[in-house]
$ cat protein20.cif   # mmCIF, C-alpha atoms
data_start
#
loop_
_atom_site.label_atom_id
_atom_site.label_comp_id
_atom_site.auth_asym_id
_atom_site.auth_seq_id
_atom_site.Cartn_x
_atom_site.Cartn_y
_atom_site.Cartn_z
CA MET Y 1 10.55 -30.61 7.02
CA ILE Y 2 11.68 -33.94 5.56
CA PRO Y 3 15.38 -33.75 4.63
CA GLY Y 4 16.05 -34.27 0.95
CA ARG Y 5 12.42 -33.87 -0.09
CA PHE Y 6 11.32 -30.36 0.79
CA GLN Y 7 13.28 -27.12 0.63
CA PRO Y 8 12.36 -24.01 2.61
CA ILE Y 9 10.65 -21.31 0.58
CA THR Y 10 12.83 -18.32 -0.24
CA PRO Y 11 11.64 -15.45 2.02
CA TRP Y 12 10.98 -12.97 -0.80
CA VAL Y 13 9.05 -15.61 -2.77
CA PHE Y 14 7.05 -16.36 0.36
CA MET Y 15 6.32 -12.66 0.86
CA TRP Y 16 5.05 -12.10 -2.69
CA GLY Y 17 3.06 -15.34 -2.68
CA LEU Y 18 1.45 -14.55 0.66
CA SER Y 19 0.73 -10.97 -0.40
CA PHE Y 20 -0.96 -12.13 -3.59
CA ALA Y 21 -3.01 -14.77 -1.74
CA ILE Y 22 -4.31 -12.17 0.72
CA TYR Y 23 -4.89 -9.62 -2.04
CA PHE Y 24 -6.82 -12.06 -4.24
CA SER Y 25 -8.94 -13.21 -1.29
CA LEU Y 26 -9.88 -9.60 -0.53
CA LYS Y 27 -10.66 -9.02 -4.21
CA LEU Y 28 -13.11 -11.93 -4.10
CA VAL Y 29 -14.73 -10.49 -0.98
CA SER Y 30 -15.10 -7.06 -2.56
CA LEU Y 31 -16.61 -8.57 -5.71
CA ASN Y 32 -18.96 -10.90 -3.84
CA PHE Y 33 -20.42 -8.08 -1.74
CA ALA Y 34 -20.54 -5.45 -4.49
CA ARG Y 35 -24.00 -3.97 -4.91
CA GLY Y 36 -25.70 -3.58 -8.28
CA THR Y 37 -23.03 -5.33 -10.31
CA GLY Y 38 -24.94 -8.47 -11.34
CA HIS Y 39 -25.36 -7.06 -14.85
CA ALA Y 40 -21.60 -6.74 -15.41
CA PRO Y 41 -20.32 -9.03 -18.20
CA LEU Y 42 -18.00 -11.89 -17.31
CA TRP Y 43 -14.98 -10.32 -19.06
CA LYS Y 44 -15.32 -7.18 -16.99
CA ARG Y 45 -15.56 -9.12 -13.73
CA ALA Y 46 -12.48 -11.11 -14.74
CA ALA Y 47 -10.67 -7.86 -15.58
CA TYR Y 48 -11.54 -6.49 -12.14
CA LEU Y 49 -10.14 -9.60 -10.45
CA LEU Y 50 -7.02 -10.07 -12.55
CA ALA Y 51 -6.07 -6.75 -14.14
CA TRP Y 52 -6.96 -4.04 -11.65
CA PRO Y 53 -5.51 -3.62 -8.10
CA GLY Y 54 -8.38 -1.52 -6.70
CA MET Y 55 -11.07 -2.85 -4.38
CA ASP Y 56 -14.02 -0.66 -5.43
CA ALA Y 57 -15.87 -3.21 -7.54
CA GLU Y 58 -19.05 -1.12 -7.73
CA THR Y 59 -17.26 1.76 -9.44
CA PHE Y 60 -15.16 -0.40 -11.77
CA LEU Y 61 -18.15 -2.53 -12.87
CA ALA Y 62 -20.64 0.34 -13.17
CA ASP Y 63 -22.28 0.81 -16.55
CA SER Y 64 -22.60 4.54 -15.91
CA ASP Y 65 -19.88 7.04 -16.82
CA ARG Y 66 -20.58 9.34 -13.86
CA PHE Y 67 -17.39 8.13 -12.12
CA LEU Y 68 -15.28 8.28 -15.27
CA GLN Y 69 -12.55 10.89 -15.60
CA PRO Y 70 -10.57 10.12 -18.77
CA PRO Y 71 -6.81 10.68 -18.46
CA ASN Y 72 -5.19 13.57 -20.27
CA PRO Y 73 -1.70 13.47 -21.83
CA ALA Y 74 -0.17 15.11 -18.74
CA GLU Y 75 -1.49 12.33 -16.51
CA TRP Y 76 -0.13 9.65 -18.85
CA LEU Y 77 3.24 11.40 -18.77
CA PHE Y 78 3.24 11.70 -14.98
CA ALA Y 79 2.35 8.02 -14.50
CA SER Y 80 5.09 7.02 -16.93
CA PHE Y 81 7.60 9.25 -15.14
CA LYS Y 82 6.86 7.55 -11.80
CA PHE Y 83 7.25 4.12 -13.37
CA LEU Y 84 10.57 5.04 -14.98
CA MET Y 85 11.72 6.68 -11.75
CA GLY Y 86 11.09 3.43 -9.90
CA MET Y 87 12.98 1.47 -12.54
CA GLY Y 88 15.84 3.93 -12.25
CA LEU Y 89 15.95 3.51 -8.47
CA LEU Y 90 16.05 -0.27 -8.81
CA TRP Y 91 18.57 -0.64 -11.61
CA ILE Y 92 20.67 2.53 -11.37
CA VAL Y 93 20.57 3.91 -7.83
CA VAL Y 94 20.54 0.59 -5.96
CA PRO Y 95 23.57 -0.84 -7.84
CA ALA Y 96 25.38 2.46 -7.31
CA LEU Y 97 24.80 2.10 -3.56
CA ALA Y 98 25.94 -1.53 -3.46
CA SER Y 99 29.12 -0.68 -1.59
CA GLN Y 100 27.33 1.57 0.88
CA ASN Y 101 25.36 0.80 4.02
CA LEU Y 102 22.95 -2.06 3.30
CA TRP Y 103 20.21 -0.30 5.29
CA LEU Y 104 20.39 2.53 2.76
CA VAL Y 105 20.35 0.02 -0.11
CA GLY Y 106 17.26 -1.67 1.33
CA TRP Y 107 15.34 1.57 1.64
CA ALA Y 108 16.32 2.63 -1.88
CA GLY Y 109 15.02 -0.73 -3.07
CA LEU Y 110 11.75 -0.25 -1.20
CA LEU Y 111 11.28 3.15 -2.82
CA GLY Y 112 12.08 1.65 -6.20
CA ILE Y 113 9.46 -1.06 -5.75
CA ALA Y 114 6.88 1.47 -4.54
CA PHE Y 115 7.42 3.87 -7.45
CA THR Y 116 7.56 1.12 -10.06
CA VAL Y 117 4.47 -0.76 -8.90
CA HIS Y 118 2.21 1.28 -6.62
CA PHE Y 119 2.80 4.76 -8.01
CA GLY Y 120 3.78 3.96 -11.57
CA LEU Y 121 2.32 0.71 -12.91
CA PHE Y 122 -0.96 0.99 -11.00
CA HIS Y 123 -1.41 4.56 -12.22
CA LEU Y 124 -0.71 3.47 -15.81
CA LEU Y 125 -3.32 0.73 -15.42
CA SER Y 126 -5.80 3.33 -14.19
CA CYS Y 127 -5.08 5.52 -17.21
CA ALA Y 128 -5.45 2.57 -19.57
CA TRP Y 129 -8.79 1.43 -18.14
CA ARG Y 130 -10.19 4.97 -18.05
CA HIS Y 131 -9.03 5.49 -21.63
CA CYS Y 132 -11.14 2.42 -22.48
CA GLY Y 133 -14.17 3.89 -20.69
CA ILE Y 134 -13.94 2.04 -17.36
CA ALA Y 135 -13.87 4.01 -14.11
CA ALA Y 136 -10.68 2.72 -12.50
CA VAL Y 137 -9.90 5.37 -9.88
CA PRO Y 138 -6.15 5.61 -9.08
CA ILE Y 139 -5.41 3.93 -5.77
CA MET Y 140 -2.79 6.55 -4.85
CA ASN Y 141 -4.37 9.99 -4.65
CA TRP Y 142 -1.42 12.37 -4.30
CA PRO Y 143 -0.44 11.30 -0.75
CA ILE Y 144 2.31 13.94 -0.77
CA ALA Y 145 -0.44 16.60 -0.78
CA SER Y 146 -1.90 15.45 2.56
CA GLN Y 147 -2.38 18.25 5.08
CA SER Y 148 -3.21 15.85 7.91
CA LEU Y 149 -2.68 12.27 8.96
CA THR Y 150 -6.44 11.72 8.73
CA GLU Y 151 -6.40 12.87 5.12
CA PHE Y 152 -3.35 10.73 4.31
CA TRP Y 153 -4.80 7.43 5.57
CA GLY Y 154 -8.42 8.18 4.77
CA ARG Y 155 -8.38 9.74 1.31
CA ARG Y 156 -4.97 9.53 -0.29
CA TRP Y 157 -2.87 6.44 0.57
CA ASN Y 158 -3.69 3.02 -0.94
CA LEU Y 159 -7.39 3.58 -1.54
CA ALA Y 160 -7.78 -0.10 -2.43
CA PHE Y 161 -7.14 -1.21 1.15
CA ARG Y 162 -8.90 1.85 2.53
CA ASP Y 163 -12.10 1.14 0.53
CA LEU Y 164 -12.27 -2.41 1.86
CA THR Y 165 -11.49 -1.70 5.52
CA HIS Y 166 -13.76 1.35 5.61
CA ARG Y 167 -16.74 -0.61 4.33
CA PHE Y 168 -16.28 -3.98 6.03
CA LEU Y 169 -14.47 -3.00 9.23
CA PHE Y 170 -14.71 0.66 10.20
CA LEU Y 171 -18.38 1.36 9.41
CA PRO Y 172 -19.74 -1.79 11.13
CA LEU Y 173 -17.57 -1.21 14.20
CA ILE Y 174 -18.22 2.50 14.63
CA GLN Y 175 -21.78 1.82 15.83
CA ARG Y 176 -20.61 -0.79 18.35
CA MET Y 177 -17.32 0.67 19.56
CA GLY Y 178 -17.52 4.34 18.69
CA PRO Y 179 -15.14 6.27 16.43
CA VAL Y 180 -12.05 5.77 18.62
CA GLY Y 181 -12.57 2.04 19.07
CA ALA Y 182 -13.25 1.57 15.36
CA LEU Y 183 -10.18 3.66 14.48
CA PHE Y 184 -7.81 1.60 16.61
CA THR Y 185 -9.36 -1.70 15.57
CA GLY Y 186 -8.88 -0.74 11.93
CA PHE Y 187 -5.23 0.17 12.48
CA PHE Y 188 -4.69 -2.95 14.59
CA VAL Y 189 -6.03 -5.20 11.84
CA SER Y 190 -3.93 -3.35 9.28
CA GLY Y 191 -0.90 -3.90 11.50
CA LEU Y 192 -1.62 -7.62 11.78
CA VAL Y 193 -1.90 -7.94 7.99
CA HIS Y 194 1.41 -6.15 7.51
CA ASP Y 195 3.02 -8.26 10.24
CA LEU Y 196 1.82 -11.30 8.35
CA VAL Y 197 3.38 -10.29 5.00
CA ILE Y 198 6.47 -8.54 6.41
CA SER Y 199 7.56 -10.16 9.67
CA TRP Y 200 6.54 -13.74 8.96
CA PRO Y 201 8.56 -14.10 5.72
CA ALA Y 202 11.47 -12.31 7.45
CA ASN Y 203 11.13 -14.53 10.54
CA GLY Y 204 11.80 -11.54 12.75
CA GLY Y 205 10.56 -8.14 13.83
CA TYR Y 206 7.22 -9.56 14.97
CA GLY Y 207 4.83 -6.94 16.31
CA ARG Y 208 6.72 -3.95 14.98
CA PRO Y 209 4.44 -3.31 11.96
CA THR Y 210 1.42 -3.60 14.27
CA LEU Y 211 3.01 -1.10 16.65
CA PHE Y 212 3.62 1.27 13.72
CA PHE Y 213 -0.08 1.31 12.84
CA LEU Y 214 -1.18 1.69 16.45
CA LEU Y 215 1.10 4.72 16.67
CA GLN Y 216 -0.69 6.12 13.61
CA GLY Y 217 -3.96 5.84 15.52
CA ILE Y 218 -2.46 7.63 18.51
CA ALA Y 219 -1.09 10.37 16.25
CA ILE Y 220 -4.53 10.88 14.70
CA LEU Y 221 -6.03 11.30 18.18
CA VAL Y 222 -3.35 13.89 18.95
CA GLU Y 223 -4.12 15.61 15.66
CA ARG Y 224 -7.84 15.74 16.50
CA SER Y 225 -7.37 16.72 20.16
CA ARG Y 226 -8.07 20.20 21.43
CA SER Y 227 -4.36 20.95 21.65
CA GLY Y 228 -3.82 19.51 18.17
CA ARG Y 229 -6.52 21.74 16.72
CA GLN Y 230 -5.05 24.77 18.46
CA LEU Y 231 -1.64 23.97 16.98
CA GLY Y 232 -3.20 23.49 13.54
CA LEU Y 233 -2.04 19.88 13.20
CA GLY Y 234 -4.95 19.04 10.92
CA HIS Y 235 -4.28 21.51 8.12
CA GLY Y 236 -1.77 23.84 6.52
CA LEU Y 237 1.99 23.71 6.99
CA ALA Y 238 1.78 22.44 10.57
CA GLY Y 239 -0.50 19.63 9.43
CA ARG Y 240 1.86 18.66 6.59
CA CYS Y 241 4.86 18.58 8.92
CA PHE Y 242 3.04 16.60 11.60
CA CYS Y 243 1.80 14.10 9.03
CA LEU Y 244 5.27 13.65 7.57
CA LEU Y 245 6.93 13.18 10.96
CA ALA Y 246 4.23 10.82 12.22
CA ILE Y 247 4.81 8.53 9.25
CA LEU Y 248 8.57 8.78 8.71
CA LEU Y 249 9.86 8.66 12.29
CA PRO Y 250 8.33 5.25 13.16
CA SER Y 251 8.70 3.82 9.62
CA PRO Y 252 11.65 1.58 10.68
CA LEU Y 253 9.10 -0.29 12.79
CA LEU Y 254 7.10 -1.10 9.66
CA PHE Y 255 10.02 -2.00 7.39
CA HIS Y 256 12.33 -3.33 10.07
CA ALA Y 257 15.89 -4.57 9.75
CA SER Y 258 14.93 -8.25 9.54
CA PHE Y 259 12.67 -7.53 6.57
CA LEU Y 260 15.27 -5.44 4.79
CA SER Y 261 18.10 -7.94 5.26
CA ARG Y 262 16.23 -11.22 4.77
CA VAL Y 263 13.59 -10.28 2.20
CA ILE Y 264 14.33 -7.05 0.34
CA LEU Y 265 18.08 -7.49 -0.21
CA PRO Y 266 17.69 -11.06 -1.54
CA PHE Y 267 14.88 -9.85 -3.80
CA LEU Y 268 17.08 -7.07 -5.17
CA THR Y 269 19.78 -9.66 -5.83
CA ALA Y 270 17.25 -11.94 -7.57
CA ILE Y 271 16.08 -9.22 -9.98
CA GLY Y 272 19.64 -8.30 -10.91
CA ALA Y 273 19.89 -5.00 -9.04
CA GLY Y 274 23.15 -6.10 -7.41
CA GLU Y 275 24.78 -8.67 -5.19
CA PHE Y 276 24.07 -8.08 -1.53
CA ALA Y 277 25.21 -10.09 1.46
CA HIS Y 278 22.30 -10.74 3.80
CA GLN Y 279 21.51 -12.67 6.96
#
$ encode --input "protein20.cif" --output "structure tokens"
Amino acid sequence: MIPGRFQPITPWVFMWGLSFAIYFSLKLVSLNFARGTGHAPLWKRAAYLLAWPGMDAETFLADSDRFLQPPNPAEWLFASFKFLMGMGLLWIVVPALASQNLWLVGWAGLLGIAFTVHFGLFHLLSCAWRHCGIAAVPIMNWPIASQSLTEFWGRRWNLAFRDLTHRFLFLPLIQRMGPVGALFTGFFVSGLVHDLVISWPANGGYGRPTLFFLLQGIAILVERSRSGRQLGLGHGLAGRCFCLLAILLPSPLLFHASFLSRVILPFLTAIGAGEFAHQ
């Protein structure tokens, strides 16, 4: 850095900028390799790139309505509730916790961001596009209803990332490395991506997000093992509890202290959710 000429990028700005750059690059990949979408008009392709977070270009750009499930009033209400809940967490709960433990404030802020954007805004966008006749499948498919870790990561959580990795990573690797090798490679790559957008901006906690995702792979093997099947870890109440514990217990590895203190707390301060001292 040249003194007086360049200033270091604010960590939370760096995180959002890096996240968007990776996201937009993956969007271009998904669009470039989409099959049977050459007929899609330019406006629709632009809408897919700029106004929809999903990665299933073939469904979004299809001219058939076989994927379309128009939203009903209850779904609109539910999506709005999640959005407002996230806003409430950010601008009511977080300020109320300002004098409490900053770790608690950081996690409340993370939940607020998740409910506002991933669960709320993205669901509202899905409703809006489907109301207009475009099959924009919600990227969050009731993750709370998961009865197994396999179901959570494979069919319910962040289907945008899942669609891309399943097509371009898991399926090609499964023939070369087998299911276990492909599973761990997929989680390893996911961990590296999260390390990139979490640990790098925070300048700390390197390797912890990757370890979190590798532990998810190990937990899925336990779930699918003979003992796991005997204990019912892949379904029912036992499956729900195992899934919840496997995700929540190691979650501080994913969103580690460096990220909370150097990225999330300054971001909460920047958006007016409070004034928080951070490292």
$ closest_residue --input "protein20.cif" --among "Y:Leu248, Y:Leu102, Y:Leu77, Y:Ala108" --to "Leu89 in chain Y" --atoms "only C-alpha atoms"
Y:Ala108
$ resolve_selection --input "protein20.cif" --expression "the PyMOL selection byres ((chain Y and resi 155) around 10)" --output "list in words"
Ile139, Met140, Asn141, Trp142, Pro143, Ser146, Leu149, Thr150, Glu151, Phe152, Trp153, Gly154, Arg156, Trp157, Asn158, Leu159, Arg162 and Asp163 of chain Y
$ residues_around --input "protein20.cif" --residues "Val263 in chain Y" --least-positions-apart "5" --cutoff "9 Å" --atoms "all atoms listed in the file" --output "list of chain:residue names"
Y:Thr10, Y:Pro11, Y:Trp12, Y:Val13, Y:Met15, Y:Ile198, Y:Pro201, Y:Ala202, Y:Ser258, Y:Leu268, Y:His278
$ residues_around --input "protein20.cif" --residues "Asp195 in chain Y" --least-positions-apart "4" --cutoff "7 Å" --atoms "all atoms listed in the file" --output "ChimeraX atom specification"
/Y:191,199-200,206-207,209-210
$ resolve_selection --input "protein20.cif" --expression "the PyMOL selection byres ((chain Y and resi 273) around 7)" --output "PyMOL selection string"
chain Y and resi 90-91+94-95+268-269+271-272+274
$ write_last_selection --input "protein20.cif" --atoms "C-alpha atoms" --output "CSV table (one decimal), keeping the file's coordinate frame"
chain,number,residue,atom,x,y,z
Y,90,LEU,CA,16.0,-0.3,-8.8
Y,91,TRP,CA,18.6,-0.6,-11.6
Y,94,VAL,CA,20.5,0.6,-6.0
Y,95,PRO,CA,23.6,-0.8,-7.8
Y,268,LEU,CA,17.1,-7.1,-5.2
Y,269,THR,CA,19.8,-9.7,-5.8
Y,271,ILE,CA,16.1,-9.2,-10.0
Y,272,GLY,CA,19.6,-8.3,-10.9
Y,274,GLY,CA,23.2,-6.1,-7.4
$ closest_residue --input "protein20.cif" --among "Y:Phe168, Y:Phe276, Y:Phe213, Y:Phe78" --to "Ala246 in chain Y" --atoms "only C-alpha atoms"
Y:Phe213
$ atom_distance --input "protein20.cif" --atom1 "CA of Leu215 in chain Y" --atom2 "CA of Leu254 in chain Y"
10.9 Å
$ atom_distance --input "protein20.cif" --atom1 "CA of Ala46 in chain Y" --atom2 "CA of Leu61 in chain Y"
10.5 Å
$ closest_residue --input "protein20.cif" --among "Y:Gln147, Y:Gln100, Y:Arg208, Y:Pro172" --to "Gly232 in chain Y" --atoms "all atoms listed in the file"
Y:Gln147
$ closest_residue --input "protein20.cif" --among "Y:Trp103, Y:Val137, Y:His123, Y:Pro179" --to "His256 in chain Y" --atoms "all atoms listed in the file"
Y:Trp103
$ atom_distance --input "protein20.cif" --atom1 "CA of His131 in chain Y" --atom2 "CA of Thr59 in chain Y"
15.2 Å
$ closest_residue --input "protein20.cif" --among "Y:Ser30, Y:Asp56, Y:Ala96, Y:Leu68" --to "Glu275 in chain Y" --atoms "only C-alpha atoms"
Y:Ala96
$ closest_residue --input "protein20.cif" --among "Y:Leu196, Y:Gly234, Y:Gly228, Y:Arg240" --to "Trp16 in chain Y" --atoms "all atoms listed in the file"
Y:Leu196
$ resolve_selection --input "protein20.cif" --expression "the PyMOL selection byres ((chain Y and resi 130) around 12)" --output "list in words"
Trp52, Thr59, Phe60, Asp65, Phe67, Leu68, Gln69, Pro70, Pro71, Asn72, Glu75, Trp76, His123, Leu124, Leu125, Ser126, Cys127, Ala128, Trp129, His131, Cys132, Gly133, Ile134, Ala135, Ala136, Val137 and Pro138 of chain Y
$ residues_near_point --input "protein20.cif" --point "(-16.5, -6.6, -10.3)" --cutoff "8 Å" --atoms "all atoms listed in the file" --output "ChimeraX atom specification"
/Y:30-31,34,37,40,44-49,57-58,60-61
